[in-house]
Every structure is written in structure tokens, then in C-alpha cells.
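Data from upload_0.pdb: PDB, C-alpha atoms
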```pdb
ATOM      1  CA  MET M  16      57.506 114.300 -19.446
ATOM      2  CA  ALA M  17      60.054 111.867 -18.003
ATOM      3  CA  LYS M  18      61.025 108.761 -19.936
ATOM      4  CA  GLN M  19      59.639 105.561 -18.470
ATOM      5  CA  LYS M  20      62.098 102.807 -17.514
ATOM      6  CA  LEU M  21      61.443  99.664 -19.502
ATOM      7  CA  ASN M  22      61.566  96.218 -17.920
ATOM      8  CA  ILE M  23      62.242  94.443 -21.205
ATOM      9  CA  LYS M  24      65.425  94.804 -23.250
ATOM     10  CA  LYS M  25      66.770  93.447 -26.533
ATOM     11  CA  GLU M  26      67.725  89.719 -26.490
ATOM     12  CA  ASP M  27      65.399  88.956 -23.519
ATOM     13  CA  ARG M  28      63.092  85.926 -23.686
ATOM     14  CA  VAL M  29      59.451  86.899 -23.167
ATOM     15  CA  LEU M  30      56.042  85.217 -22.909
ATOM     16  CA  VAL M  31      53.001  86.691 -24.666
ATOM     17  CA  THR M  32      50.144  86.934 -22.139
ATOM     18  CA  THR M  33      47.249  88.165 -24.314
ATOM     19  CA  GLY M  34      46.056  88.201 -27.899
ATOM     20  CA  ARG M  35      46.003  85.583 -30.616
ATOM     21  CA  ASP M  36      49.612  84.579 -29.862
ATOM     22  CA  ARG M  37      48.937  83.992 -26.153
ATOM     23  CA  GLY M  38      51.363  81.469 -24.658
ATOM     24  CA  LYS M  39      54.089  81.873 -27.279
ATOM     25  CA  VAL M  40      57.669  82.453 -26.162
ATOM     26  CA  GLY M  41      60.130  84.442 -28.228
ATOM     27  CA  LYS M  42      63.291  86.516 -28.208
ATOM     28  CA  VAL M  43      63.061  90.324 -28.296
ATOM     29  CA  LEU M  44      64.487  91.618 -31.578
ATOM     30  CA  ARG M  45      63.876  95.347 -31.105
ATOM     31  CA  VAL M  46      62.473  97.711 -28.461
ATOM     32  CA  LEU M  47      60.626 100.919 -29.342
ATOM     33  CA  PRO M  48      60.604 102.847 -26.023
ATOM     34  CA  ASP M  49      58.786 105.947 -27.302
ATOM     35  CA  LYS M  50      55.810 103.828 -28.434
ATOM     36  CA  GLU M  51      56.118 101.277 -25.566
ATOM     37  CA  ARG M  52      56.187  98.460 -28.116
ATOM     38  CA  VAL M  53      58.472  95.489 -28.757
ATOM     39  CA  LEU M  54      59.278  93.339 -31.796
ATOM     40  CA  VAL M  55      59.330  89.649 -30.779
ATOM     41  CA  GLU M  56      60.688  86.826 -32.949
ATOM     42  CA  LYS M  57      57.931  84.708 -34.642
ATOM     43  CA  VAL M  58      55.125  86.501 -32.721
ATOM     44  CA  ASN M  59      52.317  88.655 -34.214
ATOM     45  CA  MET M  60      53.147  87.676 -37.800
ATOM     46  CA  ILE M  61      51.564  89.855 -40.507
ATOM     47  CA  LYS M  62      51.576  89.730 -44.301
ATOM     48  CA  ARG M  63      52.771  92.684 -46.368
ATOM     49  CA  HIS M  64      51.924  92.877 -50.060
ATOM     50  CA  THR M  65      54.786  94.467 -51.996
ATOM     51  CA  ARG M  66      54.837  95.682 -55.576
ATOM     52  CA  GLY M  67      57.421  94.399 -58.018
ATOM     53  CA  GLY M  68      60.181  96.921 -58.656
ATOM     54  CA  ALA M  69      59.567  98.690 -55.343
ATOM     55  CA  THR M  70      62.352  96.709 -53.678
ATOM     56  CA  LYS M  71      66.016  96.358 -54.633
ATOM     57  CA  THR M  72      65.476  92.800 -55.828
ATOM     58  CA  GLY M  73      62.606  93.875 -58.080
ATOM     59  CA  GLN M  74      60.584  90.961 -56.762
ATOM     60  CA  GLY M  75      56.985  91.523 -55.730
ATOM     61  CA  GLY M  76      54.818  89.277 -53.620
ATOM     62  CA  ILE M  77      53.609  88.625 -50.126
ATOM     63  CA  ILE M  78      56.152  88.995 -47.334
ATOM     64  CA  GLU M  79      55.488  87.641 -43.851
ATOM     65  CA  LYS M  80      57.115  89.556 -41.008
ATOM     66  CA  GLU M  81      56.701  90.365 -37.318
ATOM     67  CA  ALA M  82      54.616  93.286 -36.092
ATOM     68  CA  THR M  83      55.135  95.015 -32.752
ATOM     69  CA  VAL M  84      53.483  93.949 -29.485
ATOM     70  CA  HIS M  85      52.648  96.313 -26.613
ATOM     71  CA  LEU M  86      54.833  95.968 -23.493
ATOM     72  CA  SER M  87      51.814  95.319 -21.272
ATOM     73  CA  ASN M  88      51.108  92.090 -23.178
ATOM     74  CA  LEU M  89      54.493  90.548 -22.363
ATOM     75  CA  LYS M  90      56.141  88.963 -19.331
ATOM     76  CA  LEU M  91      59.870  88.472 -18.974
ATOM     77  CA  ILE M  92      61.136  84.894 -18.519
ATOM     78  CA  CYS M  93      63.778  84.555 -15.811
ATOM     79  CA  GLY M  94      66.992  82.785 -16.818
ATOM     80  CA  LYS M  95      67.362  80.958 -13.498
ATOM     81  CA  CYS M  96      63.828  79.818 -12.570
ATOM     82  CA  THR M  97      62.661  79.756 -16.261
ATOM     83  CA  GLU M  98      59.230  81.140 -15.307
ATOM     84  CA  PRO M  99      57.413  84.266 -16.481
ATOM     85  CA  THR M 100      57.907  86.914 -13.838
ATOM     86  CA  ARG M 101      57.508  90.543 -12.945
ATOM     87  CA  VAL M 102      60.622  92.684 -12.842
ATOM     88  CA  GLY M 103      61.956  94.654  -9.891
ATOM     89  CA  ARG M 104      64.920  96.984  -9.558
ATOM     90  CA  LYS M 105      67.763  96.810  -7.062
ATOM     91  CA  VAL M 106      70.597  99.243  -6.366
ATOM     92  CA  LEU M 107      73.995  97.577  -5.905
ATOM     93  CA  GLU M 108      76.769  98.810  -3.583
ATOM     94  CA  ASP M 109      78.548 100.567  -6.458
ATOM     95  CA  GLY M 110      75.350 102.509  -7.283
ATOM     96  CA  LYS M 111      74.470 100.492 -10.380
ATOM     97  CA  ILE M 112      70.757  99.692 -10.863
ATOM     98  CA  VAL M 113      69.952  96.145 -12.045
ATOM     99  CA  ARG M 114      66.753  94.297 -12.940
ATOM    100  CA  VAL M 115      65.730  91.558 -10.514
ATOM    101  CA  CYS M 116      63.325  88.596 -10.854
ATOM    102  CA  LYS M 117      60.420  88.999  -8.399
ATOM    103  CA  LYS M 118      60.031  85.209  -7.990
ATOM    104  CA  CYS M 119      63.565  84.013  -7.255
ATOM    105  CA  GLY M 120      65.442  87.296  -6.637
ATOM    106  CA  GLU M 121      68.064  86.574  -9.334
ATOM    107  CA  GLN M 122      69.680  89.460 -11.224
ATOM    108  CA  LEU M 123      68.538  89.641 -14.848
ATOM    109  CA  ASP M 124      71.220  91.959 -16.224
TER     110      ASP M 124
END
```

Output the file's structure in the form of C-alpha cells.
Amino acid sequence: MAKQKLNIKKEDRVLVTTGRDRGKVGKVLRVLPDKERVLVEKVNMIKRHTRGGATKTGQGGIIEKEATVHLSNLKLICGKCTEPTRVGRKVLEDGKIVRVCKKCGEQLD
């Protein structure tokens, strides 16, 4: 099975289109291509209950952290037109493939 090309990369700004965090904008912290999921800053916050002594600090309690979001629930925000957009691909003269904004045609890479 061939690996799917992802339209979203680390450090991109994305808009959440569905779910309880619909409308939120955040920066991509991590991409998990094999699961088609992305970790977005301050989006899909969950609470983890940790036992004391289980961590290096020895401190237990409730930790709030981000959970992953599926790629289909995100739209990339273009740097030029600052709107959520679909992503296209374009081959340059030197053979390099770059991501392109479908709304304004600007290169995203």
C-alpha cells in the first residue's frame, strides 16, 4: 500500500472544521502520517490523571494536554490570503513538487 501524501505539515496554521473545537485556529505541533492524525496547539484538550511517583517529578494530579485530530477535520490557512483553503500540488521547472493554495495560487512551501 502506497503512502498517502499529506497536505498539512508541522508548523502550519490550520482551522478546525468539525467537532467541539470547530472554528479554532492553531499551529500544528506534530503530524502522525500512519494514523492520518495531527496534534494542534490548544485544540482538542483532554485531561490525564497521573499517579504520584509515576513521573520523574513524583507529582501526581490532573494534566491537561492536546489530543490528536483527524486530517479530514482540518483546513490549511494560506499565508498570503489568510483564508482556510484546499491544497493543490504544482511541479516546478526544476522538478520540485510544492503545495499551492487553491484560492490565490500562492506557494505554501

Q: Let me know the residues the PyMOL selection byres ((chain M and resi 61) around 10) catches in the file above, as a list in words.
A: Val58, Asn59, Met60, Lys62, Arg63, Ile77, Ile78, Glu79, Lys80, Glu81, Ala82 and Thr83 of chain M

**Q.** Pairwise distance for atom CA of Val46 of chain M and atom CA of Ile23 of chain M, rounded to one decimal in Å
**A.**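 Atom CA of Ile23 of chain M lies 8.0 Å from atom CA of Val46 of chain M.
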
Q: Could you tell me which residues the PyMOL selection byres ((chain M and resi 26) around 7) returns for this structure, as number ranges by chain?
A: M: 24-25, 27-28, 42-44

Q: Spell out the residues picked by the PyMOL selection byres ((chain M and resi 34) around 12) here, as a PyMOL selection string.
A: chain M and resi 30-33+35-39+58-59+84-85+87-89

Q.
Using only C-alpha atoms for the distances, tell me which of M:Gly41, M:Gly103, M:Leu86, M:Gly73 is nearest to Val53 of chain M.
A. M:Leu86
